[in-house]
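This is my_file.tsv. It holds TSV, C-alpha atoms.
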chain	number	residue	atom	x	y	z
A	26	MET	CA	0.00	0.00	0.00
A	27	SER	CA	2.64	2.54	1.07
A	28	HIS	CA	4.81	1.73	-1.95
A	29	ARG	CA	1.95	2.33	-4.42
A	30	LEU	CA	0.88	5.46	-2.58
A	31	ALA	CA	4.44	6.78	-2.50
A	32	GLU	CA	4.59	6.33	-6.27
A	33	LYS	CA	1.36	8.32	-6.64
A	34	PHE	CA	2.92	11.25	-4.81
A	35	ARG	CA	6.12	11.04	-6.86
A	36	ASN	CA	4.10	11.00	-10.07
A	37	PHE	CA	1.99	13.88	-8.81
A	38	ALA	CA	5.15	15.88	-8.14
A	39	GLU	CA	6.76	15.24	-11.53
A	40	ARG	CA	3.70	15.24	-13.79
A	41	GLU	CA	1.53	17.91	-12.21
A	42	CYS	CA	3.49	20.07	-9.76
A	43	LYS	CA	6.86	20.49	-11.45
A	44	GLY	CA	7.12	24.03	-12.75
A	45	THR	CA	3.67	24.99	-11.45
A	46	SER	CA	3.75	24.56	-7.66
A	47	PRO	CA	7.17	24.55	-5.96
A	48	LEU	CA	5.52	23.93	-2.59
A	49	TYR	CA	3.52	20.86	-3.61
A	50	TYR	CA	6.48	19.57	-5.63
A	51	ILE	CA	8.77	19.59	-2.59
A	52	LEU	CA	6.11	18.26	-0.23
A	53	SER	CA	5.03	15.46	-2.58
A	54	HIS	CA	8.56	14.04	-2.77
A	55	SER	CA	8.93	14.33	1.01
A	56	ILE	CA	5.58	12.63	1.67
A	57	ALA	CA	6.60	9.76	-0.64
A	58	GLN	CA	9.47	8.99	1.77
A	59	ASP	CA	7.45	9.13	4.99
A	60	ASN	CA	5.32	6.08	5.82
A	61	ASP	CA	3.57	7.75	8.75
A	62	VAL	CA	2.27	10.63	6.63
A	63	LEU	CA	1.45	8.24	3.78
A	64	GLU	CA	-0.69	6.20	6.17
A	65	ILE	CA	-2.72	9.30	7.04
A	66	ALA	CA	-2.98	10.45	3.42
A	67	GLY	CA	-4.20	7.03	2.30
A	68	GLN	CA	-7.45	7.22	4.27
A	69	VAL	CA	-9.46	8.72	1.42
A	70	GLN	CA	-12.68	7.44	-0.09
A	71	LYS	CA	-12.31	4.87	-2.86
A	72	GLY	CA	-11.63	6.41	-6.25
A	73	GLN	CA	-10.48	9.79	-4.99
A	74	PRO	CA	-7.06	11.10	-6.13
A	75	VAL	CA	-5.04	10.96	-2.92
A	76	PRO	CA	-2.48	13.78	-3.38
A	77	ASN	CA	-5.10	16.32	-4.49
A	78	LEU	CA	-7.46	15.50	-1.63
A	79	PHE	CA	-4.73	15.34	1.01
A	80	PHE	CA	-3.23	18.70	0.04
A	81	ALA	CA	-6.69	20.26	-0.15
A	82	ALA	CA	-7.52	19.08	3.39
A	83	VAL	CA	-4.38	20.72	4.79
A	84	HIS	CA	-4.92	23.87	2.73
A	85	TYR	CA	-8.56	24.09	3.85
A	86	LEU	CA	-7.57	23.98	7.51
A	87	LEU	CA	-4.87	26.61	7.06
A	88	VAL	CA	-7.07	29.12	5.22
A	89	SER	CA	-9.89	28.45	7.69
A	90	GLY	CA	-7.74	29.93	10.42
A	91	SER	CA	-5.67	27.11	11.91
A	92	SER	CA	-2.76	28.89	13.55
A	93	HIS	CA	0.47	27.13	12.67
A	94	PRO	CA	3.92	28.09	11.31
A	95	LEU	CA	3.12	26.08	8.16
A	96	ALA	CA	0.93	28.97	6.95
A	97	ALA	CA	4.08	31.00	6.26
A	98	PHE	CA	4.86	28.69	3.32
A	99	TYR	CA	1.43	29.07	1.68
A	100	ALA	CA	1.03	31.99	-0.74
A	101	SER	CA	-2.72	31.92	-0.08
A	102	CYS	CA	-2.13	32.55	3.64
A	103	ALA	CA	0.92	34.83	3.81
A	104	PRO	CA	1.79	37.98	1.83
A	105	GLU	CA	5.45	36.93	1.71
A	106	VAL	CA	6.14	33.20	1.76
A	107	GLU	CA	9.08	31.28	3.13
A	108	THR	CA	11.11	29.14	0.75
A	109	SER	CA	9.40	25.83	-0.06
A	110	LEU	CA	12.61	23.93	0.62
A	111	ASP	CA	12.09	24.48	4.36
A	112	ALA	CA	8.38	23.57	4.49
A	113	TRP	CA	8.53	19.82	5.16
A	114	PRO	CA	9.17	19.78	8.95
A	115	GLU	CA	6.29	22.21	9.56
A	116	PHE	CA	4.02	20.31	7.16
A	117	LYS	CA	4.71	17.02	8.90
A	118	ASP	CA	4.09	18.59	12.31
A	119	PHE	CA	0.82	20.12	11.10
A	120	VAL	CA	-0.43	16.80	9.71
A	121	HIS	CA	0.32	14.91	12.92
A	122	SER	CA	-1.14	17.61	15.18
A	123	HIS	CA	-4.32	17.78	13.06
A	124	ARG	CA	-4.50	14.09	12.22
A	125	GLN	CA	-8.06	13.46	13.38
A	126	ILE	CA	-9.70	16.33	11.50
A	127	ILE	CA	-7.60	15.68	8.38
A	128	VAL	CA	-8.74	12.05	8.29
A	129	SER	CA	-12.34	13.23	8.76
A	130	LEU	CA	-11.99	15.52	5.75
A	131	LEU	CA	-10.37	12.79	3.67
A	132	GLN	CA	-13.26	10.45	4.38
A	133	SER	CA	-16.03	12.96	3.74
A	134	ARG	CA	-14.85	15.33	1.01
A	135	PHE	CA	-14.31	15.00	-2.72
A	136	VAL	CA	-11.89	16.46	-5.26
A	137	GLN	CA	-14.08	18.89	-7.20
A	138	THR	CA	-11.80	21.54	-8.57
A	139	ASN	CA	-14.15	23.04	-11.17
A	140	GLU	CA	-11.12	24.29	-13.08
A	141	VAL	CA	-12.82	27.19	-14.88
A	142	ARG	CA	-9.94	27.74	-17.29
A	143	ARG	CA	-10.71	24.37	-18.89
A	144	CYS	CA	-13.53	26.25	-20.58
A	145	ALA	CA	-10.75	27.70	-22.75
A	146	PHE	CA	-10.67	24.39	-24.62
A	147	LEU	CA	-14.33	23.51	-24.11
A	148	PHE	CA	-15.35	26.70	-25.93
A	149	PRO	CA	-13.71	25.87	-29.30
A	150	ALA	CA	-14.54	22.18	-28.83
A	151	PHE	CA	-18.26	22.89	-28.60
A	152	LEU	CA	-18.12	25.33	-31.50
A	153	PHE	CA	-16.40	22.69	-33.62
A	154	ALA	CA	-18.85	19.97	-32.57
A	155	ALA	CA	-21.86	22.19	-33.29
A	156	SER	CA	-20.45	23.04	-36.74
A	157	GLN	CA	-20.82	19.38	-37.71
A	158	PHE	CA	-24.63	19.59	-37.35
A	159	LYS	CA	-27.42	21.78	-38.62
A	160	PRO	CA	-27.95	24.91	-36.45
A	161	GLN	CA	-29.85	23.92	-33.31
A	162	PRO	CA	-29.78	24.54	-29.54
A	163	LEU	CA	-27.37	22.54	-27.42
A	164	ALA	CA	-28.58	20.54	-24.42
A	165	LEU	CA	-25.62	20.19	-22.06
A	166	LEU	CA	-24.97	17.37	-19.60
A	167	GLU	CA	-21.75	17.82	-17.65
A	168	ILE	CA	-20.66	14.83	-15.59
A	169	GLY	CA	-18.68	15.77	-12.51
A	170	THR	CA	-20.11	19.27	-12.49
A	171	SER	CA	-19.24	20.23	-8.89
A	172	ALA	CA	-20.67	23.77	-8.62
A	173	GLY	CA	-21.65	23.93	-12.30
A	174	LEU	CA	-19.11	26.57	-13.30
A	175	ASN	CA	-18.11	24.79	-16.51
A	176	LEU	CA	-21.74	24.57	-17.60
A	177	LEU	CA	-21.43	28.30	-18.32
A	178	TRP	CA	-18.67	28.14	-20.95
A	179	ASP	CA	-20.78	30.27	-23.33
A	180	GLN	CA	-21.12	32.99	-20.68
A	181	TYR	CA	-17.40	33.78	-20.47
A	182	GLN	CA	-15.03	35.70	-22.71
A	183	TYR	CA	-11.72	34.26	-23.90
A	184	SER	CA	-8.30	35.62	-24.76
A	185	TYR	CA	-5.68	33.42	-26.39
A	186	GLY	CA	-2.64	35.65	-26.25
A	187	ASP	CA	-3.50	38.61	-28.46
A	188	SER	CA	-5.90	41.56	-28.47
A	189	THR	CA	-8.84	39.58	-29.87
A	190	THR	CA	-11.44	38.22	-27.48
A	191	TYR	CA	-14.06	35.58	-28.17
A	192	GLY	CA	-17.25	34.30	-26.62
A	193	ASP	CA	-19.36	36.71	-24.57
A	194	THR	CA	-17.13	39.77	-24.84
A	195	SER	CA	-19.29	41.63	-22.30
A	196	SER	CA	-18.74	38.99	-19.62
A	197	PRO	CA	-16.86	40.00	-16.45
A	198	VAL	CA	-15.25	36.54	-16.51
A	199	LEU	CA	-12.18	36.68	-18.77
A	200	ILE	CA	-10.38	33.37	-19.31
A	201	ARG	CA	-6.83	33.53	-20.61
A	202	SER	CA	-4.99	30.70	-22.33
A	203	ARG	CA	-2.85	30.30	-25.44
A	204	PHE	CA	-2.64	28.05	-28.45
A	205	ARG	CA	0.52	26.23	-29.38
A	206	GLY	CA	0.40	26.60	-33.13
A	207	ASN	CA	-2.61	27.84	-35.07
A	208	LYS	CA	-5.91	28.84	-33.53
A	209	PRO	CA	-8.97	26.89	-34.68
A	210	SER	CA	-11.03	28.79	-37.24
A	211	VAL	CA	-14.26	28.02	-35.36
A	212	LEU	CA	-13.40	30.57	-32.64
A	213	SER	CA	-15.24	33.25	-34.62
A	214	GLU	CA	-18.33	31.11	-35.26
A	215	PRO	CA	-21.62	32.18	-33.62
A	216	VAL	CA	-22.16	30.63	-30.19
A	217	PRO	CA	-25.14	28.25	-30.26
A	218	GLU	CA	-28.15	28.74	-28.03
A	219	ILE	CA	-28.16	26.57	-24.92
A	220	SER	CA	-31.52	24.91	-24.21
A	221	HIS	CA	-30.51	22.83	-21.16
A	222	ARG	CA	-27.72	23.09	-18.59
A	223	ILE	CA	-27.74	19.86	-16.60
A	224	GLY	CA	-24.92	18.97	-14.24
A	225	ALA	CA	-24.50	15.69	-12.36
A	226	ASP	CA	-22.14	15.08	-9.48
A	227	LEU	CA	-21.85	12.75	-6.49
A	228	ASN	CA	-21.65	15.86	-4.34
A	229	ILE	CA	-23.08	19.10	-5.70
A	230	ILE	CA	-21.39	22.17	-4.23
A	231	ASP	CA	-24.05	24.31	-2.53
A	232	LEU	CA	-22.89	27.91	-2.88
A	233	SER	CA	-25.26	29.04	-0.13
A	234	HIS	CA	-22.92	27.27	2.33
A	235	PRO	CA	-19.71	29.30	2.84
A	236	ASP	CA	-17.95	26.17	4.09
A	237	GLU	CA	-18.49	24.40	0.75
A	238	VAL	CA	-17.20	27.42	-1.17
A	239	ALA	CA	-14.15	27.46	1.14
A	240	TRP	CA	-13.50	23.80	0.29
A	241	LEU	CA	-13.78	24.55	-3.43
A	242	ARG	CA	-11.24	27.36	-3.07
A	243	ALA	CA	-8.91	25.16	-0.98
A	244	LEU	CA	-8.65	22.75	-3.90
A	245	VAL	CA	-6.84	25.51	-5.83
A	246	TRP	CA	-3.10	25.30	-5.18
A	247	PRO	CA	-1.64	27.99	-2.88
A	248	GLU	CA	0.52	29.77	-5.48
A	249	HIS	CA	-2.24	29.91	-8.11
A	250	HIS	CA	-3.76	33.31	-7.40
A	251	GLU	CA	-5.04	33.72	-10.97
A	252	ARG	CA	-6.96	30.44	-10.79
A	253	ARG	CA	-8.50	31.47	-7.49
A	254	ASP	CA	-9.50	34.91	-8.82
A	255	LEU	CA	-10.99	33.32	-11.94
A	256	MET	CA	-12.98	30.88	-9.84
A	257	ASP	CA	-14.31	33.73	-7.68
A	258	ALA	CA	-15.46	35.64	-10.79
A	259	ALA	CA	-17.12	32.50	-12.17
A	260	LEU	CA	-18.82	31.85	-8.82
A	261	GLU	CA	-20.35	35.33	-8.99
A	262	LYS	CA	-21.54	34.67	-12.54
A	263	ARG	CA	-22.90	31.31	-11.41
A	264	GLY	CA	-25.03	33.11	-8.81
A	265	GLU	CA	-26.61	35.20	-11.56
A	266	MET	CA	-27.30	32.10	-13.69
A	267	GLN	CA	-28.75	29.98	-10.89
A	268	PRO	CA	-32.28	29.66	-12.39
A	269	ASP	CA	-30.83	28.28	-15.64
A	270	LEU	CA	-28.85	25.47	-13.99
A	271	ASP	CA	-30.23	22.01	-13.25
A	272	LEU	CA	-27.75	20.40	-10.87
A	273	ARG	CA	-28.42	16.82	-9.81
A	274	MET	CA	-26.86	14.68	-7.13
A	275	GLY	CA	-25.77	11.29	-8.42
A	276	ASP	CA	-23.52	9.29	-10.70
A	277	GLY	CA	-23.68	11.14	-14.01
A	278	PHE	CA	-22.24	8.20	-15.92
A	279	ALA	CA	-25.08	5.98	-14.70
A	280	MET	CA	-27.68	8.74	-15.27
A	281	LEU	CA	-27.00	9.06	-18.99
A	282	ASP	CA	-30.03	7.19	-20.33
A	283	GLU	CA	-32.60	8.81	-18.07
A	284	THR	CA	-31.21	12.26	-18.84
A	285	ALA	CA	-31.27	11.58	-22.59
A	286	GLU	CA	-34.98	10.78	-22.38
A	287	GLU	CA	-35.66	14.33	-21.17
A	288	ILE	CA	-33.92	16.04	-24.08
A	289	PRO	CA	-36.14	16.85	-27.08
A	290	THR	CA	-34.79	15.90	-30.50
A	291	GLU	CA	-34.88	19.59	-31.44
A	292	SER	CA	-31.78	20.02	-29.24
A	293	LEU	CA	-28.38	18.45	-29.82
A	294	PHE	CA	-27.58	16.36	-26.76
A	295	CYS	CA	-24.01	17.20	-25.62
A	296	VAL	CA	-22.37	15.08	-22.93
A	297	TYR	CA	-18.98	16.14	-21.55
A	298	HIS	CA	-16.58	15.62	-18.69
A	299	THR	CA	-12.99	16.60	-17.90
A	300	HIS	CA	-10.62	14.79	-15.55
A	301	VAL	CA	-13.36	12.88	-13.73
A	302	ALA	CA	-13.39	9.55	-15.58
A	303	ASN	CA	-10.17	8.53	-13.82
A	304	GLN	CA	-12.33	8.08	-10.72
A	305	ILE	CA	-14.35	5.21	-12.21
A	306	SER	CA	-13.21	1.71	-13.14
A	307	LYS	CA	-12.30	0.53	-16.62
A	308	THR	CA	-15.43	-1.61	-16.61
A	309	GLU	CA	-17.60	1.41	-15.81
A	310	GLN	CA	-15.82	3.45	-18.49
A	311	GLU	CA	-16.48	0.78	-21.11
A	312	ALA	CA	-20.13	0.48	-20.10
A	313	PHE	CA	-20.55	4.24	-20.40
A	314	LEU	CA	-18.95	4.33	-23.85
A	315	SER	CA	-21.27	1.52	-24.92
A	316	SER	CA	-24.24	3.58	-23.74
A	317	ILE	CA	-23.03	6.56	-25.79
A	318	GLN	CA	-22.70	4.32	-28.83
A	319	ARG	CA	-26.19	2.89	-28.32
A	320	LEU	CA	-27.71	6.35	-27.91
A	321	GLY	CA	-25.85	7.49	-31.03
A	322	LYS	CA	-27.78	4.95	-33.07
A	323	GLN	CA	-31.04	6.42	-31.76
A	324	ARG	CA	-30.39	10.16	-31.90
A	325	ASP	CA	-27.71	12.76	-32.65
A	326	ILE	CA	-25.30	13.11	-29.75
A	327	VAL	CA	-21.97	14.78	-28.96
A	328	HIS	CA	-19.50	13.36	-26.44
A	329	LEU	CA	-16.51	15.55	-25.43
A	330	PHE	CA	-14.07	13.98	-23.01
A	331	ASN	CA	-10.60	13.12	-21.85
A	332	ASN	CA	-9.32	10.38	-19.53
A	333	ILE	CA	-11.29	7.57	-21.18
A	334	ALA	CA	-9.32	5.46	-23.65
A	335	GLN	CA	-7.89	8.62	-25.28
A	336	PRO	CA	-4.97	10.72	-23.99
A	337	HIS	CA	-6.25	14.08	-25.25
A	338	LEU	CA	-9.45	16.08	-25.54
A	339	HIS	CA	-11.56	13.92	-27.82
A	340	LEU	CA	-14.80	14.19	-29.75
A	341	SER	CA	-17.15	11.32	-30.52
A	342	ALA	CA	-20.26	12.56	-32.31
A	343	TYR	CA	-23.08	10.62	-33.91
A	344	ARG	CA	-24.99	12.30	-36.73
A	345	ASP	CA	-27.77	10.30	-38.36
A	346	GLY	CA	-26.25	7.22	-36.76
A	347	GLN	CA	-22.81	7.81	-38.29
A	348	LEU	CA	-19.79	8.25	-36.03
A	349	LEU	CA	-17.38	11.17	-36.21
A	350	ASP	CA	-14.49	10.24	-33.93
A	351	LEU	CA	-11.34	12.33	-33.66
A	352	PRO	CA	-8.89	13.95	-31.23
A	353	LEU	CA	-9.43	17.69	-30.88
A	354	ALA	CA	-6.59	19.02	-28.77
A	355	LYS	CA	-3.67	18.35	-26.50
A	356	THR	CA	-4.15	20.41	-23.35
A	357	ASP	CA	-2.39	21.35	-20.16
A	358	GLY	CA	-4.20	20.02	-17.08
A	359	HIS	CA	-5.01	23.57	-15.96
A	360	ALA	CA	-5.62	24.72	-19.58
A	361	ARG	CA	-2.73	27.17	-19.60
A	362	TRP	CA	-2.06	26.07	-23.20
A	363	ILE	CA	-3.91	24.22	-25.94
A	364	GLU	CA	-2.55	22.49	-29.02
A	365	TRP	CA	-5.43	22.21	-31.48
A	366	LEU	CA	-5.29	19.01	-33.52
Kindly present the structure from the file in structure tokens form.
Amino acid sequence: MSHRLAEKFRNFAERECKGTSPLYYILSHSIAQDNDVLEIAGQVQKGQPVPNLFFAAVHYLLVSGSSHPLAAFYASCAPEVETSLDAWPEFKDFVHSHRQIIVSLLQSRFVQTNEVRRCAFLFPAFLFAASQFKPQPLALLEIGTSAGLNLLWDQYQYSYGDSTTYGDTSSPVLIRSRFRGNKPSVLSEPVPEISHRIGADLNIIDLSHPDEVAWLRALVWPEHHERRDLMDAALEKRGEMQPDLDLRMGDGFAMLDETAEEIPTESLFCVYHTHVANQISKTEQEAFLSSIQRLGKQRDIVHLFNNIAQPHLHLSAYRDGQLLDLPLAKTDGHARWIEWL
């Protein structure tokens, strides 16, 4: 157990934190060498990504007001941070002195980052998918929706490294990313009307509860001020759009068929998810893909996804029963860059 878990933290450090979070990079490698801390970190619910949840639990307690010298190493807690190289002894002490409440968080909370900047690749992906069909409203089903922020991709404006903006250019939510190589031509296409915004999640974030919003913000890494500011802007927009959102508690992968039955054929049924399919088994993934295929023989459907069978952002669309299946883009996990394929 500890060997496999140690490898997860090492992979987390090298694949996700290197160059983006010096603090989590240093701490991840240190945790991987400490069996006592690994034993605490491993007490998460089945299917949850351990490093993300463990770091979020500690971060949540620090920003909630836990007084400890560790806070001096967190850019979200201190105006001037100490060097990350010296953080490990304080981190270890904090974990042991808060063991009981950390384990409680690990066993009751979920990783639900709602990375708003991922809309930077969802926006062109939906425009491209819609361009393959006759003009019609889109009925959205987002699996792993958390607070529903990525159901509002058409309500944000986008900048990809120059003076041109796309999307809703009047929106107070400005998402910045960049393309490696050429931009997709569909960026300037009209944004389709949205007829349904349905989100499914095992644990819907209730924005009327400050504690749940605090947890959502704690999932953002300490150094990532821009991500936190973007999330706050999107949360405000989400409050304005509340009547238009239909958020449902449950397993969105298992709810596919019943949701499809609600969508009129006048709307193009669009199912999408980002970075959540790694929390279900291969058997469940295959069953879900089979359901998409079966539905595609019955009606037009769009499926945008990553983390199932394909390494990149991928489109599987059925039009008149015929499959259009192709990779759309390589993307950074936090959508800082996009390589359109």
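Nearest residue to Ala154 in chain A among A:Phe278, A:Tyr343, A:Tyr85, A:Trp365 is A:Tyr343, counting only C-alpha atoms.
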Counting all atoms listed in the file, which residues of range 115-216 of chain A fall within 12 Å of range 244-252 of chain A, and what is the closest atom pair for each with its distance in Å at one decimal, ordered by chain and rising number, as a Markdown table?
| residue | atom | partner | partner_atom | distance |
| --- | --- | --- | --- | --- |
| A:Arg134 | CA | A:Leu244 | CA | 10.8 |
| A:Phe135 | CA | A:Leu244 | CA | 9.7 |
| A:Val136 | CA | A:Leu244 | CA | 7.2 |
| A:Gln137 | CA | A:Leu244 | CA | 7.4 |
| A:Thr138 | CA | A:Leu244 | CA | 5.8 |
| A:Asn139 | CA | A:Leu244 | CA | 9.1 |
| A:Glu140 | CA | A:Arg252 | CA | 7.8 |
| A:Val141 | CA | A:Arg252 | CA | 7.9 |
| A:Arg142 | CA | A:Arg252 | CA | 7.6 |
| A:Arg143 | CA | A:Arg252 | CA | 10.8 |
| A:Ser171 | CA | A:Leu244 | CA | 12.0 |
| A:Val198 | CA | A:Arg252 | CA | 11.8 |
| A:Leu199 | CA | A:Glu251 | CA | 11.0 |
| A:Ile200 | CA | A:Arg252 | CA | 9.6 |
| A:Arg201 | CA | A:Glu251 | CA | 9.8 |
| A:Ser202 | CA | A:Arg252 | CA | 11.7 |
Atoms to include: C-alpha atoms. Write the selected residues as a compact mmCIF listing (two decimals), keeping the file's coordinate frame.
# COMPACT_ATOMS: atom_id res chain seq x y z
CA ARG A 134 -14.85 15.33 1.01
CA PHE A 135 -14.31 15.00 -2.72
CA VAL A 136 -11.89 16.46 -5.26
CA GLN A 137 -14.08 18.89 -7.20
CA THR A 138 -11.80 21.54 -8.57
CA ASN A 139 -14.15 23.04 -11.17
CA GLU A 140 -11.12 24.29 -13.08
CA VAL A 141 -12.82 27.19 -14.88
CA ARG A 142 -9.94 27.74 -17.29
CA ARG A 143 -10.71 24.37 -18.89
CA SER A 171 -19.24 20.23 -8.89
CA VAL A 198 -15.25 36.54 -16.51
CA LEU A 199 -12.18 36.68 -18.77
CA ILE A 200 -10.38 33.37 -19.31
CA ARG A 201 -6.83 33.53 -20.61
CA SER A 202 -4.99 30.70 -22.33
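Proximity of A:Thr45, A:Val296, A:Met274, A:Gln68 to Ile126 in chain A, computed with all atoms listed in the file, is greatest for A:Gln68.
For Gln180 in chain A, the non-local neighbours within 12 Å, defined as residues at least 6 positions apart in the same chain or in other chains and counting only C-alpha atoms, are Val141, Cys144, Ala145, Phe148, Leu174, Tyr191, Gly192, Asp193, Thr194, Ser195, Ser196, Pro197, Val198, Leu199, Ile200, Val216, Pro217, Glu218, Ile219, Ala258, Ala259, Glu261, Lys262, Arg263, Glu265, Met266 and Asp269 of chain A.
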Restrict the calculation to only C-alpha atoms, then for each residue of range 61-179 of chain A with any atom at most 12 Å from an atom of range 327-332 of chain A give the closest atom pair and their distance in Å to one decimal, rows by chain and rising residue number, as a Markdown table.
| residue | atom | partner | partner_atom | distance |
| --- | --- | --- | --- | --- |
| A:Arg143 | CA | A:Asn331 | CA | 11.6 |
| A:Phe146 | CA | A:Leu329 | CA | 10.6 |
| A:Leu147 | CA | A:Leu329 | CA | 8.4 |
| A:Phe148 | CA | A:Leu329 | CA | 11.2 |
| A:Pro149 | CA | A:Leu329 | CA | 11.4 |
| A:Ala150 | CA | A:Leu329 | CA | 7.7 |
| A:Phe151 | CA | A:Leu329 | CA | 8.2 |
| A:Leu152 | CA | A:Val327 | CA | 11.5 |
| A:Phe153 | CA | A:Val327 | CA | 10.7 |
| A:Ala154 | CA | A:Val327 | CA | 7.1 |
| A:Ala155 | CA | A:Val327 | CA | 8.6 |
| A:Ser156 | CA | A:Val327 | CA | 11.4 |
| A:Gln157 | CA | A:Val327 | CA | 10.0 |
| A:Phe158 | CA | A:Val327 | CA | 10.0 |
| A:Leu163 | CA | A:Val327 | CA | 9.6 |
| A:Ala164 | CA | A:Val327 | CA | 9.9 |
| A:Leu165 | CA | A:Val327 | CA | 9.5 |
| A:Leu166 | CA | A:His328 | CA | 9.6 |
| A:Glu167 | CA | A:Leu329 | CA | 9.7 |
| A:Ile168 | CA | A:Phe330 | CA | 10.0 |
| A:Gly169 | CA | A:Phe330 | CA | 11.6 |
Go ahead and dump the residues you just picked, C-alpha atoms, as a CSV table (one decimal), in the coordinates of the input.
chain,number,residue,atom,x,y,z
A,143,ARG,CA,-10.7,24.4,-18.9
A,146,PHE,CA,-10.7,24.4,-24.6
A,147,LEU,CA,-14.3,23.5,-24.1
A,148,PHE,CA,-15.4,26.7,-25.9
A,149,PRO,CA,-13.7,25.9,-29.3
A,150,ALA,CA,-14.5,22.2,-28.8
A,151,PHE,CA,-18.3,22.9,-28.6
A,152,LEU,CA,-18.1,25.3,-31.5
A,153,PHE,CA,-16.4,22.7,-33.6
A,154,ALA,CA,-18.8,20.0,-32.6
A,155,ALA,CA,-21.9,22.2,-33.3
A,156,SER,CA,-20.4,23.0,-36.7
A,157,GLN,CA,-20.8,19.4,-37.7
A,158,PHE,CA,-24.6,19.6,-37.4
A,163,LEU,CA,-27.4,22.5,-27.4
A,164,ALA,CA,-28.6,20.5,-24.4
A,165,LEU,CA,-25.6,20.2,-22.1
A,166,LEU,CA,-25.0,17.4,-19.6
A,167,GLU,CA,-21.8,17.8,-17.6
A,168,ILE,CA,-20.7,14.8,-15.6
A,169,GLY,CA,-18.7,15.8,-12.5
Minimum-distance residue to Ser233 in chain A, chosen among A:Gly264, A:Ala96, A:Ala66, A:Ser46 (using only C-alpha atoms): A:Gly264
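Note that CA of Gly358 in chain A and CA of Ala31 in chain A are 21.5 Å apart.
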Could you pull the residues within 12 Å of Gln73 in chain A, counting only C-alpha atoms, minus those fewer than 3 positions along the same chain, as JSON, numbers by chain? {"A": [66, 67, 68, 69, 70, 76, 77, 78, 79, 131, 132, 133, 134, 135, 136, 137, 227, 300, 301, 302, 303, 304, 305, 306]}
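Between CA of Pro104 in chain A and CA of Tyr49 in chain A lies a distance of 18.0 Å.
Atom pair CA of Ser220 in chain A / CA of Gly321 in chain A has a distance of 19.5 Å (rounded to one decimal).
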Which of these, A:Glu291, A:Ser27, A:Ser89, A:Ser101, has the shortest distance to Glu237 in chain A once you count all atoms listed in the file? A:Ser89
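In this comparison, which uses only C-alpha atoms, the residue of A:Ser53, A:Thr356, A:Thr170, A:Asn175 approaching Phe116 in chain A most closely is A:Ser53.
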Give me the residues near Glu364 in chain A as a list of chain:residue names, where near means some atom within 8 Å (using all atoms listed in the file) and where sequence neighbours in that chain fewer than 5 positions away do not count. A:Phe204, A:Arg205, A:Gly206, A:Ala354, A:Lys355, A:Thr356
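Using all atoms listed in the file, the shortest contact distance between Leu130 in chain A and any of A:Gln318, A:His84, A:Phe313, A:Val238 is found at A:His84.
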